[in-house]
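Asker: Sharing input_18.cif here; it has mmCIF, C-alpha atoms and all ligand atoms.
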```cif
data_protein
#
loop_
_atom_site.label_atom_id
_atom_site.label_comp_id
_atom_site.auth_asym_id
_atom_site.auth_seq_id
_atom_site.Cartn_x
_atom_site.Cartn_y
_atom_site.Cartn_z
CA MET A 18 9.12 24.56 0.81
CA GLN A 19 11.91 22.19 -0.05
CA GLY A 20 11.86 18.58 -1.30
CA TRP A 21 13.58 15.81 -3.26
CA HIS A 22 12.44 16.02 -6.88
CA ILE A 23 12.84 13.31 -9.55
CA THR A 24 14.32 15.19 -12.53
CA ALA A 25 15.49 12.46 -14.95
CA PRO A 26 16.01 8.65 -14.99
CA GLU A 27 17.97 7.81 -11.81
CA ARG A 28 18.32 11.50 -10.84
CA ILE A 29 16.86 13.26 -7.84
CA GLU A 30 17.55 16.83 -6.63
CA ASP A 31 16.72 18.76 -3.47
CA ARG A 32 14.74 21.73 -4.82
CA ASN A 33 12.45 24.55 -3.83
CA ILE A 34 8.75 23.76 -4.30
CA GLU A 35 6.43 26.62 -5.25
CA GLU A 36 2.95 25.91 -3.95
CA SER A 37 0.09 28.20 -3.01
CA PHE A 38 -1.54 27.82 0.42
CA ASP A 39 -5.22 28.72 0.85
CA VAL A 40 -5.73 29.35 4.59
CA THR A 41 -9.51 29.14 4.27
CA THR A 42 -9.57 25.44 3.34
CA GLU A 43 -6.03 24.10 3.66
CA THR A 44 -3.65 23.09 6.43
CA LYS A 45 0.12 23.15 6.35
CA VAL A 46 1.82 20.07 7.79
CA MET A 47 5.49 19.57 8.66
CA VAL A 48 6.37 16.10 7.36
CA THR A 49 8.17 14.01 9.99
CA LYS A 50 8.42 10.58 8.34
CA ALA A 51 7.78 9.17 4.88
CA LEU A 52 7.65 5.61 3.54
CA VAL A 53 9.44 4.96 0.26
CA THR A 54 8.21 1.85 -1.57
CA LEU A 55 8.74 -0.16 -4.75
CA ASN A 56 6.46 2.31 -6.56
CA ASP A 57 8.86 5.19 -5.81
CA ALA A 58 11.85 3.08 -6.91
CA LEU A 59 10.10 2.35 -10.25
CA HIS A 60 9.43 6.09 -10.77
CA PHE A 61 13.06 6.96 -9.94
CA ALA A 62 14.41 4.36 -12.39
CA LYS A 63 12.12 5.64 -15.17
CA GLY A 64 12.62 9.32 -14.35
CA GLU A 65 8.91 9.94 -14.35
CA PRO A 66 6.60 11.32 -13.26
CA GLN A 67 8.93 14.23 -12.41
CA ASN A 68 7.50 14.72 -8.95
CA VAL A 69 8.50 14.59 -5.32
CA PRO A 70 8.26 10.84 -4.43
CA GLY A 71 7.46 9.13 -1.09
CA SER A 72 4.33 6.95 -1.06
CA TYR A 73 3.02 7.57 2.46
CA GLY A 74 3.64 10.24 5.06
CA ILE A 75 2.85 11.55 8.51
CA GLY A 76 3.56 14.88 10.13
CA LEU A 77 2.71 17.59 12.63
CA VAL A 78 0.22 20.36 11.90
CA SER A 79 2.21 23.55 11.42
CA GLU A 80 -0.43 26.08 10.26
CA PRO A 81 -4.00 24.84 10.88
CA GLY A 82 -5.81 27.37 8.66
CA GLN A 83 -9.55 27.50 9.20
CA ASN A 84 -10.80 23.95 9.65
CA LEU A 85 -13.76 22.11 11.09
CA PHE A 86 -11.65 19.26 12.40
CA ASP A 87 -10.07 20.87 15.47
CA LEU A 88 -6.59 20.48 14.02
CA LYS A 89 -4.34 22.47 16.30
CA GLN A 90 -0.71 23.31 15.79
CA GLY A 91 1.43 20.30 16.72
CA THR A 92 -1.32 17.67 16.15
CA ARG A 93 0.18 14.44 14.77
CA VAL A 94 -1.61 13.49 11.54
CA TYR A 95 -1.65 10.96 8.72
CA ILE A 96 -1.94 12.54 5.30
CA SER A 97 -4.21 10.73 2.83
CA PRO A 98 -2.16 9.40 -0.11
CA MET A 99 -5.27 9.49 -2.34
CA VAL A 100 -7.40 12.46 -3.29
CA ALA A 101 -10.65 12.27 -5.27
CA CYS A 102 -10.48 14.19 -8.57
CA GLY A 103 -13.54 16.35 -7.80
CA LYS A 104 -14.46 16.41 -11.50
CA CYS A 105 -15.78 12.99 -12.57
CA PHE A 106 -19.45 11.93 -12.58
CA ASN A 107 -19.31 10.23 -9.16
CA CYS A 108 -17.36 13.10 -7.54
CA ASN A 109 -19.97 15.54 -8.87
CA ASN A 110 -22.67 13.35 -7.34
CA ASN A 111 -21.09 13.41 -3.88
CA GLU A 112 -19.57 9.95 -4.11
CA PRO A 113 -15.82 10.64 -4.01
CA GLY A 114 -15.28 7.06 -2.77
CA LYS A 115 -16.24 5.92 -6.27
CA CYS A 116 -14.02 8.45 -8.06
CA SER A 117 -12.98 7.08 -11.45
CA ASP A 118 -9.81 9.18 -11.57
CA LEU A 119 -8.30 9.08 -8.07
CA ARG A 120 -5.17 11.23 -7.70
CA ILE A 121 -2.35 9.14 -6.24
CA ALA A 122 0.55 10.44 -4.13
CA GLY A 123 3.85 10.58 -6.01
CA GLU A 124 2.07 9.91 -9.26
CA ASN A 125 -0.28 12.85 -9.66
CA PHE A 126 0.99 15.20 -6.99
CA ASN A 127 4.17 15.97 -5.05
CA VAL A 128 4.40 14.12 -1.81
CA PHE A 129 6.23 13.25 1.23
CA LEU A 130 9.99 13.59 0.73
CA ARG A 131 9.70 17.31 1.50
CA ASN A 132 9.69 19.48 4.60
CA PHE A 133 6.08 20.75 4.34
CA VAL A 134 2.85 19.64 2.66
CA THR A 135 -0.24 21.80 2.18
CA THR A 136 -3.51 19.96 1.72
CA GLU A 137 -7.26 20.25 2.23
CA SER A 138 -7.89 19.74 5.96
CA SER A 139 -10.27 16.86 5.11
CA ASN A 140 -7.25 14.85 3.84
CA LEU A 141 -5.73 14.79 7.33
CA TYR A 142 -6.40 12.14 9.98
CA TYR A 143 -5.66 12.56 13.68
CA LEU A 144 -3.34 9.84 15.01
CA PRO A 145 -4.05 8.61 18.56
CA GLU A 146 -1.06 8.00 20.83
CA SER A 147 -1.54 4.22 20.63
CA VAL A 148 -0.63 4.34 16.91
CA SER A 149 3.16 4.73 16.55
CA ASP A 150 4.78 6.72 13.74
CA ASN A 151 6.01 3.56 12.03
CA ASP A 152 2.61 1.85 12.32
CA ALA A 153 0.91 4.88 10.76
CA LEU A 154 3.06 4.60 7.64
CA PHE A 155 1.33 1.27 6.90
CA ILE A 156 -2.24 2.61 7.10
CA GLU A 157 -2.71 2.31 3.33
CA HIS A 158 -1.64 -1.36 3.47
CA ILE A 159 -4.49 -1.98 5.92
CA SER A 160 -6.97 0.22 4.02
CA LEU A 161 -6.31 -1.61 0.76
CA SER A 162 -6.65 -4.95 2.58
CA LEU A 163 -10.05 -3.90 3.97
CA SER A 164 -11.18 -2.78 0.53
CA VAL A 165 -10.23 -6.19 -0.96
CA ILE A 166 -11.84 -8.11 1.94
CA ASP A 167 -15.11 -6.21 1.40
CA LYS A 168 -15.17 -6.95 -2.32
CA LEU A 169 -14.52 -10.67 -1.88
CA ASP A 170 -17.28 -11.13 0.70
CA ILE A 171 -14.98 -13.26 2.88
CA GLN A 172 -16.67 -15.49 5.48
CA LYS A 173 -15.39 -17.17 8.62
CA GLY A 174 -13.40 -20.33 7.76
CA ASP A 175 -12.93 -19.50 4.05
CA HIS A 176 -9.61 -20.59 2.54
CA ILE A 177 -8.00 -17.63 0.80
CA VAL A 178 -4.84 -18.06 -1.29
CA VAL A 179 -2.64 -14.96 -1.18
CA ILE A 180 0.11 -14.80 -3.81
CA GLY A 181 2.90 -12.44 -2.72
CA ALA A 182 4.29 -12.14 0.82
CA ASN A 183 5.74 -8.63 0.80
CA ASN A 184 4.71 -6.35 3.68
CA PHE A 185 1.31 -5.83 2.07
CA GLY A 186 0.69 -9.60 1.64
CA ASN A 187 1.79 -10.17 5.23
CA ILE A 188 -0.57 -7.50 6.62
CA PHE A 189 -3.41 -8.73 4.41
CA CYS A 190 -3.02 -12.30 5.79
CA GLN A 191 -2.94 -11.04 9.38
CA LEU A 192 -6.24 -9.22 8.78
CA LEU A 193 -7.76 -12.34 7.20
CA ILE A 194 -6.87 -14.22 10.40
CA TYR A 195 -8.37 -11.35 12.45
CA TYR A 196 -11.62 -11.85 10.50
CA GLN A 197 -11.36 -15.64 11.06
CA ALA A 198 -10.59 -16.64 7.48
CA VAL A 199 -7.71 -19.03 6.66
CA PRO A 200 -4.97 -17.53 4.47
CA ILE A 201 -2.56 -19.71 2.48
CA LEU A 202 0.36 -17.44 1.69
CA ILE A 203 2.60 -18.15 -1.32
CA ASP A 204 5.92 -16.63 -2.33
CA THR A 205 9.26 -17.70 -3.79
CA ASP A 206 11.15 -15.46 -1.32
CA GLU A 207 11.93 -17.40 1.86
CA GLU A 208 12.69 -14.26 3.89
CA ASN A 209 9.19 -12.89 3.10
CA LEU A 210 7.57 -16.16 4.19
CA GLN A 211 9.61 -16.41 7.39
CA CYS A 212 8.59 -12.85 8.30
CA ALA A 213 4.91 -13.73 7.76
CA LYS A 214 5.30 -16.86 9.92
CA ASN A 215 6.81 -14.71 12.67
CA CYS A 216 3.67 -12.55 12.43
CA GLY A 217 1.40 -15.58 12.95
CA VAL A 218 0.55 -16.70 9.38
CA TYR A 219 0.28 -20.50 9.62
CA TYR A 220 0.02 -21.89 6.06
CA THR A 221 2.91 -20.73 3.88
CA LEU A 222 4.10 -22.30 0.60
CA GLY A 223 7.53 -21.58 -0.85
CA LYS A 224 9.41 -22.16 -4.08
CA ASP A 225 10.02 -25.87 -3.41
CA ASP A 226 6.38 -26.72 -2.70
CA ASN A 227 3.87 -28.05 -5.23
CA TRP A 228 1.31 -25.25 -4.84
CA VAL A 229 -1.62 -26.95 -6.60
CA LYS A 230 -1.17 -30.17 -4.62
CA GLU A 231 -0.74 -28.39 -1.27
CA VAL A 232 -3.72 -26.05 -1.75
CA SER A 233 -5.83 -29.03 -2.83
CA SER A 234 -4.83 -30.93 0.30
CA ILE A 235 -5.46 -27.98 2.67
CA THR A 236 -8.89 -27.26 1.13
CA GLY A 237 -10.03 -30.89 0.88
CA GLY A 238 -9.88 -30.73 -2.93
CA ARG A 239 -12.14 -27.67 -3.25
CA MET A 240 -9.27 -25.28 -4.02
CA ALA A 241 -9.46 -21.65 -2.87
CA LYS A 242 -12.78 -19.82 -2.58
CA SER A 243 -10.87 -16.61 -3.19
CA VAL A 244 -7.40 -15.86 -4.51
CA VAL A 245 -5.67 -12.54 -3.98
CA TYR A 246 -2.86 -11.85 -6.42
CA ILE A 247 -0.44 -9.12 -5.29
CA SER A 248 1.12 -7.60 -8.38
CA ASP A 249 4.22 -6.20 -6.62
CA GLY A 250 6.10 -9.51 -6.98
CA ASP A 251 7.33 -11.65 -9.88
CA ILE A 252 5.08 -14.73 -9.66
CA SER A 253 3.07 -15.34 -12.84
CA PRO A 254 -0.64 -14.42 -12.54
CA LYS A 255 -1.60 -17.76 -14.15
CA ASN A 256 -0.95 -19.35 -10.72
CA ALA A 257 -3.92 -17.39 -9.37
CA PHE A 258 -6.25 -19.17 -11.82
CA GLN A 259 -4.73 -22.61 -11.13
CA LEU A 260 -5.26 -22.31 -7.38
CA ALA A 261 -8.84 -20.99 -7.56
CA GLY A 262 -11.87 -23.28 -7.24
CA TYR A 263 -14.81 -23.26 -9.67
CA ASN A 264 -16.56 -19.84 -9.77
CA ALA A 265 -14.09 -18.47 -7.20
CA HIS A 266 -13.22 -14.80 -6.77
CA VAL A 267 -9.78 -13.62 -7.90
CA ALA A 268 -8.63 -10.13 -6.90
CA PHE A 269 -5.68 -8.40 -8.53
CA THR A 270 -4.23 -5.82 -6.23
CA GLY A 271 -0.97 -4.32 -4.94
CA LEU A 272 0.55 -1.04 -3.92
CA SER A 273 3.16 -0.57 -6.62
CA GLY A 274 1.18 -0.02 -9.81
CA LYS A 275 3.40 -2.74 -11.35
CA ASN A 276 1.81 -4.33 -14.40
CA ASN A 277 1.74 -8.08 -15.11
CA SER A 278 -0.05 -9.40 -18.20
CA PHE A 279 -2.09 -12.63 -18.28
CA SER A 280 -4.26 -14.75 -20.55
CA TYR A 281 -7.84 -15.16 -19.31
CA THR A 282 -8.61 -18.55 -20.94
CA ALA A 283 -8.04 -20.51 -17.71
CA ALA A 284 -10.19 -17.98 -15.81
CA ALA A 285 -13.03 -18.41 -18.30
CA ARG A 286 -12.89 -22.21 -18.04
CA LYS A 287 -13.48 -22.03 -14.27
CA GLN A 288 -15.97 -19.15 -14.61
CA LEU A 289 -13.93 -17.07 -12.19
CA ILE A 290 -15.07 -13.68 -10.96
CA LEU A 291 -12.26 -11.14 -11.37
CA HIS A 292 -11.78 -7.98 -9.30
CA PHE A 293 -9.23 -5.21 -9.65
CA VAL A 294 -8.59 -3.20 -6.50
CA ASN A 295 -5.91 -0.51 -6.28
CA THR A 296 -6.99 1.75 -3.46
CA GLY A 297 -8.13 1.70 0.13
CA TYR A 298 -9.79 5.11 -0.29
CA GLY A 299 -12.50 5.50 2.35
CA TYR A 300 -11.01 3.01 4.84
CA ILE A 301 -8.45 5.22 6.59
CA SER A 302 -10.40 5.79 9.83
CA SER A 303 -11.22 2.06 10.12
CA SER A 304 -7.53 1.24 9.60
CA ILE A 305 -6.40 3.61 12.34
CA ASN A 306 -8.92 1.93 14.65
CA LEU A 307 -7.65 -1.55 13.77
CA ILE A 308 -4.05 -0.53 14.52
CA ALA A 309 -5.12 1.00 17.84
CA ASN A 310 -6.91 -2.30 18.64
CA ARG A 311 -3.79 -4.33 17.73
CA ALA A 312 -5.59 -6.27 14.98
CA CYS A 313 -2.23 -6.88 13.34
CA ASN A 314 1.44 -6.87 14.28
CA LEU A 315 3.34 -4.21 12.35
CA THR A 316 6.51 -4.33 14.45
CA LYS A 317 8.05 -7.30 12.64
CA LEU A 318 7.67 -6.07 9.06
CA GLN A 319 10.69 -5.91 6.76
CA ILE A 320 11.77 -2.27 6.90
CA GLU A 321 14.92 -0.29 6.22
CA GLU A 322 15.59 3.24 7.46
CA CYS A 323 17.26 6.26 5.92
CA SER A 324 17.91 9.93 6.69
CA TYR A 325 16.66 12.83 4.53
CA ALA A 326 20.22 13.63 3.40
CA ASP A 327 20.85 10.04 2.26
CA VAL A 328 17.80 9.89 -0.05
CA PRO A 329 19.81 10.00 -3.35
CA GLU A 330 22.08 7.17 -2.16
CA MET A 331 19.05 5.10 -1.09
CA PHE A 332 17.37 5.52 -4.49
CA GLY A 333 20.65 4.70 -6.26
CA LYS A 334 20.83 1.38 -4.40
CA MET A 335 17.17 0.65 -5.15
CA ALA A 336 17.72 1.26 -8.88
CA GLU A 337 20.69 -1.15 -8.86
CA LYS A 338 18.59 -3.79 -7.14
CA LEU A 339 15.77 -3.30 -9.66
CA SER A 340 18.19 -3.82 -12.56
CA ARG A 341 19.38 -7.08 -10.95
CA GLY A 342 15.79 -8.23 -10.27
CA GLU A 343 16.32 -8.08 -6.50
CA LYS A 344 13.79 -7.22 -3.80
CA ILE A 345 13.17 -3.58 -2.80
CA TYR A 346 12.57 -3.03 0.93
CA ASP A 347 10.04 -0.49 2.18
CA THR A 348 12.18 2.29 3.63
CA ILE A 349 11.24 4.79 6.32
CA VAL A 350 12.81 8.20 5.74
CA LYS A 351 13.14 10.49 8.74
CA VAL A 352 12.28 13.81 7.11
CA SER A 353 12.36 16.07 10.17
CA GLN A 354 12.22 15.87 13.97
ZN ZN A 401 -13.58 11.85 -9.29
#
```
Output the file's structure in the form of structure tokens.
Answerer:
Amino acid sequence: MQGWHITAPERIEDRNIEESFDVTTETKVMVTKALVTLNDALHFAKGEPQNVPGSYGIGLVSEPGQNLFDLKQGTRVYISPMVACGKCFNCNNNEPGKCSDLRIAGENFNVFLRNFVTTESSNLYYLPESVSDNDALFIEHISLSLSVIDKLDIQKGDHIVVIGANNFGNIFCQLLIYYQAVPILIDTDEENLQCAKNCGVYYTLGKDDNWVKEVSSITGGRMAKSVVYISDGDISPKNAFQLAGYNAHVAFTGLSGKNNSFSYTAAARKQLILHFVNTGYGYISSSINLIANRACNLTKLQIEECSYADVPEMFGKMAEKLSRGEKIYDTIVKVSQ
């Protein structure tokens, strides 16, 4: 097997990957496309973990092994970007969905910028024809959205402030609308907001708006019943507390693992209920169903594309952008035909 390997800060090399393949439980998949995200760019800039990056991936079954899932050679599959540790208390009690040490693609194991992946057959999900390759690369965005929506107990008509309008924030708002809630999407990046508007998100607030005043006016003075703060951007988390109503729910989430610090005094004053959600583990099948049912529009997202050979150049540009504080675009890499 062959793949792009992060070897040092801002260095990536195409290398051989030694990996065992257990035909009794595992399946070998030829990776066709991978999605590179902000998280990968942050790893590349830091030079760690020294793994094969690529946050999400799809492929074609190459060697099915022995499996119970009827995975035949050539089946198009989505490969789970999260794997339960199998060792913690909850894993040992048959509750991998509550694993306290989830293994994350690119962070804890080599992933998708490589020609083949071997994985337990249970980590593979059949993709119906109605789900395009590009749509499938955003399954985790939908899964994480569903996980957040479940935790916040969102009801029809609820006003939900969403801070951060990257592709994840955009998809999250579209799903809120699908479930008949009312998202108010906030970002300082006009391009992000315009993209969300094109996808049907009605209330958007940009850098020139007075967010507290506008949210108060939209909610009739109640402020938001829930606020979702997406940590991938640069907006201060204190805004989440300002825009929340008394005893509201505030969820901190995001796909990048980026860390933003905050003081909780304002949260305590309003008796807010805080949630931290970093995975959509357990929601993959529901997400595939939602895409097949056209619950959200993934064709207008902000995406760049790149070939396998151009991966070092792409990461170089991302690192430059990071150093200048500019936006990183999700990039689809065509790994093989
Ligand atoms: Zn576990």
Asker: Taking (13.4, 12.1, 11.1) in the file's own coordinates, collect the residues within 12 Å, counting all atoms listed in the file, and hand them back as a list in words.
Answerer: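 With a cut-off of 12 Å, the residues come to Met47, Val48, Thr49, Lys50, Ala51, Leu52, Gly74, Ile75, Gly76, Leu130, Arg131, Asn132, Asp150, Asn151, Glu322, Cys323, Ser324, Tyr325, Ala326, Asp327, Ile349, Val350, Lys351, Val352, Ser353 and Gln354 of chain A.
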Asker: Around ligand ZN 401 (chain A), at most 8 Å away and counting all atoms listed in the file, which residues are there? Put them as a list in words, please.
Answerer: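 Checked against 8 Å with all atoms listed in the file; the hits are Ala101, Cys102, Gly103, Lys104, Cys105, Phe106, Asn107, Cys108, Asn109, Pro113, Lys115, Cys116, Ser117, Asp118 and Leu119 of chain A.
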Asker: Atoms to include: C-alpha atoms. Write the selected residues as a compact mmCIF listing (two decimals), keeping the file's coordinate frame.
Answerer:
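Generated file (selection-v9.txt):
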```txt
# COMPACT_ATOMS: atom_id res chain seq x y z
CA ALA A 101 -10.65 12.27 -5.27
CA CYS A 102 -10.48 14.19 -8.57
CA GLY A 103 -13.54 16.35 -7.80
CA LYS A 104 -14.46 16.41 -11.50
CA CYS A 105 -15.78 12.99 -12.57
CA PHE A 106 -19.45 11.93 -12.58
CA ASN A 107 -19.31 10.23 -9.16
CA CYS A 108 -17.36 13.10 -7.54
CA ASN A 109 -19.97 15.54 -8.87
CA PRO A 113 -15.82 10.64 -4.01
CA LYS A 115 -16.24 5.92 -6.27
CA CYS A 116 -14.02 8.45 -8.06
CA SER A 117 -12.98 7.08 -11.45
CA ASP A 118 -9.81 9.18 -11.57
CA LEU A 119 -8.30 9.08 -8.07
```
Asker: Determine the nearest neighbour of Leu315 of chain A from the options A:Tyr220, A:Phe189, A:Phe126, A:Phe133, counting only C-alpha atoms.
Answerer: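 Closest to Leu315 of chain A, using only C-alpha atoms: A:Phe189.
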Asker: List the spatial neighbours of Ile159 of chain A as a list in words - criterion: any atom at most 8 Å away, all atoms listed in the file, same-chain residues fewer than 6 positions off excluded.
Answerer: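 What passes the distance filter is Phe185, Ile188, Phe189, Leu192, Gly297 and Ser304 of chain A.
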Asker: How many Å lie between atom CA of Trp228 of chain A and atom CA of Val178 of chain A, rounded to one decimal?
Answerer: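 These atoms are spaced 10.1 Å apart.
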Asker: Just give me the gap between atom CA of Pro145 of chain A and atom CA of Phe86 of chain A in Å, one decimal is fine.
Answerer: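 Taking atom CA of Pro145 of chain A and atom CA of Phe86 of chain A, their separation equals 14.5 Å.
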Asker: With 7 Å as the cut-off and all atoms listed in the file counted, what is the closest atom pair between each nearby residue of segment 280-330 of chain A and segment 251-274 of chain A? Distances in Å to one decimal, ordered by chain and number, as a tab-separated table.
Answerer:
```
residue	atom	partner	partner_atom	distance
A:Ala283	CA	A:Phe258	CA	6.3
A:Ala284	CA	A:Phe258	CA	5.7
A:Lys287	CA	A:Tyr263	CA	4.9
A:Gln288	CA	A:Asn264	CA	4.9
A:Leu289	CA	A:Asn264	CA	4.5
A:Ile290	CA	A:His266	CA	4.7
A:Leu291	CA	A:Val267	CA	4.9
A:His292	CA	A:Ala268	CA	4.5
A:Phe293	CA	A:Phe269	CA	4.9
A:Val294	CA	A:Thr270	CA	5.1
A:Asn295	CA	A:Thr270	CA	5.6
```
Asker: Give me the residues within 10 Å of segment 90-96 of chain A as number ranges by chain, counting all atoms listed in the file and dropping any in the same chain fewer than 4 places off.
Answerer: A: 44-49, 73-82, 122, 128-129, 134-146, 150, 153-154, 156, 301, 305
Asker: Contacts of segment 331-340 of chain A at 12 Å or less, counting all atoms listed in the file, minus same-chain residues fewer than 2 places along, as a PyMOL selection string?
Answerer: chain A and resi 21-23+26-30+53-64+70-71+250-251+321-329+342-350
Asker: Have a look at A:Pro98, A:Gly237, A:Gly181, A:Gly174 and name the one nearest to Leu193 of chain A; count only C-alpha atoms.
Answerer: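 Ranked by minimum distance to Leu193 of chain A, first place goes to A:Gly174.
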Asker: Work out how far atom CA of Asp152 of chain A is from atom CA of Cys190 of chain A, in Å to one decimal.
Answerer: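 Separation between atom CA of Cys190 of chain A and atom CA of Asp152 of chain A: 16.6 Å.
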Asker: Would you kindly place N, CA and C atoms on segment 319-334 of chain A and return the model as a PDB file, in the coordinates of the input?
Answerer:
```pdb
ATOM      1  N   GLN A 319       9.339  -6.088   7.299  1.00  0.00           N
ATOM      2  CA  GLN A 319      10.690  -5.910   6.760  1.00  0.00           C
ATOM      3  C   GLN A 319      10.846  -4.448   6.336  1.00  0.00           C
ATOM      4  N   ILE A 320      11.650  -3.713   7.106  1.00  0.00           N
ATOM      5  CA  ILE A 320      11.770  -2.270   6.900  1.00  0.00           C
ATOM      6  C   ILE A 320      13.234  -1.869   6.931  1.00  0.00           C
ATOM      7  N   GLU A 321      13.605  -0.919   6.086  1.00  0.00           N
ATOM      8  CA  GLU A 321      14.920  -0.290   6.220  1.00  0.00           C
ATOM      9  C   GLU A 321      14.694   1.179   6.581  1.00  0.00           C
ATOM     10  N   GLU A 322      15.739   1.838   7.074  1.00  0.00           N
ATOM     11  CA  GLU A 322      15.590   3.240   7.460  1.00  0.00           C
ATOM     12  C   GLU A 322      16.649   4.096   6.800  1.00  0.00           C
ATOM     13  N   CYS A 323      16.354   5.379   6.653  1.00  0.00           N
ATOM     14  CA  CYS A 323      17.260   6.260   5.920  1.00  0.00           C
ATOM     15  C   CYS A 323      17.028   7.703   6.387  1.00  0.00           C
ATOM     16  N   SER A 324      18.080   8.526   6.318  1.00  0.00           N
ATOM     17  CA  SER A 324      17.910   9.930   6.690  1.00  0.00           C
ATOM     18  C   SER A 324      17.528  10.744   5.449  1.00  0.00           C
ATOM     19  N   TYR A 325      17.053  11.959   5.653  1.00  0.00           N
ATOM     20  CA  TYR A 325      16.660  12.830   4.530  1.00  0.00           C
ATOM     21  C   TYR A 325      17.851  13.080   3.603  1.00  0.00           C
ATOM     22  N   ALA A 326      19.033  13.307   4.208  1.00  0.00           N
ATOM     23  CA  ALA A 326      20.220  13.630   3.400  1.00  0.00           C
ATOM     24  C   ALA A 326      20.659  12.457   2.529  1.00  0.00           C
ATOM     25  N   ASP A 327      20.371  11.228   2.985  1.00  0.00           N
ATOM     26  CA  ASP A 327      20.850  10.040   2.260  1.00  0.00           C
ATOM     27  C   ASP A 327      19.866   9.538   1.186  1.00  0.00           C
ATOM     28  N   VAL A 328      18.819  10.328   0.902  1.00  0.00           N
ATOM     29  CA  VAL A 328      17.800   9.890  -0.050  1.00  0.00           C
ATOM     30  C   VAL A 328      18.378   9.534  -1.439  1.00  0.00           C
ATOM     31  N   PRO A 329      19.282  10.362  -2.022  1.00  0.00           N
ATOM     32  CA  PRO A 329      19.810  10.000  -3.350  1.00  0.00           C
ATOM     33  C   PRO A 329      20.551   8.654  -3.340  1.00  0.00           C
ATOM     34  N   GLU A 330      21.337   8.433  -2.277  1.00  0.00           N
ATOM     35  CA  GLU A 330      22.080   7.170  -2.160  1.00  0.00           C
ATOM     36  C   GLU A 330      21.119   5.981  -2.054  1.00  0.00           C
ATOM     37  N   MET A 331      20.050   6.166  -1.258  1.00  0.00           N
ATOM     38  CA  MET A 331      19.050   5.100  -1.090  1.00  0.00           C
ATOM     39  C   MET A 331      18.406   4.752  -2.426  1.00  0.00           C
ATOM     40  N   PHE A 332      18.014   5.786  -3.194  1.00  0.00           N
ATOM     41  CA  PHE A 332      17.370   5.520  -4.490  1.00  0.00           C
ATOM     42  C   PHE A 332      18.353   4.874  -5.465  1.00  0.00           C
ATOM     43  N   GLY A 333      19.626   5.296  -5.395  1.00  0.00           N
ATOM     44  CA  GLY A 333      20.650   4.700  -6.260  1.00  0.00           C
ATOM     45  C   GLY A 333      20.743   3.195  -6.024  1.00  0.00           C
ATOM     46  N   LYS A 334      20.752   2.815  -4.734  1.00  0.00           N
ATOM     47  CA  LYS A 334      20.830   1.380  -4.400  1.00  0.00           C
ATOM     48  C   LYS A 334      19.582   0.646  -4.872  1.00  0.00           C
TER      49      LYS A 334
END
```
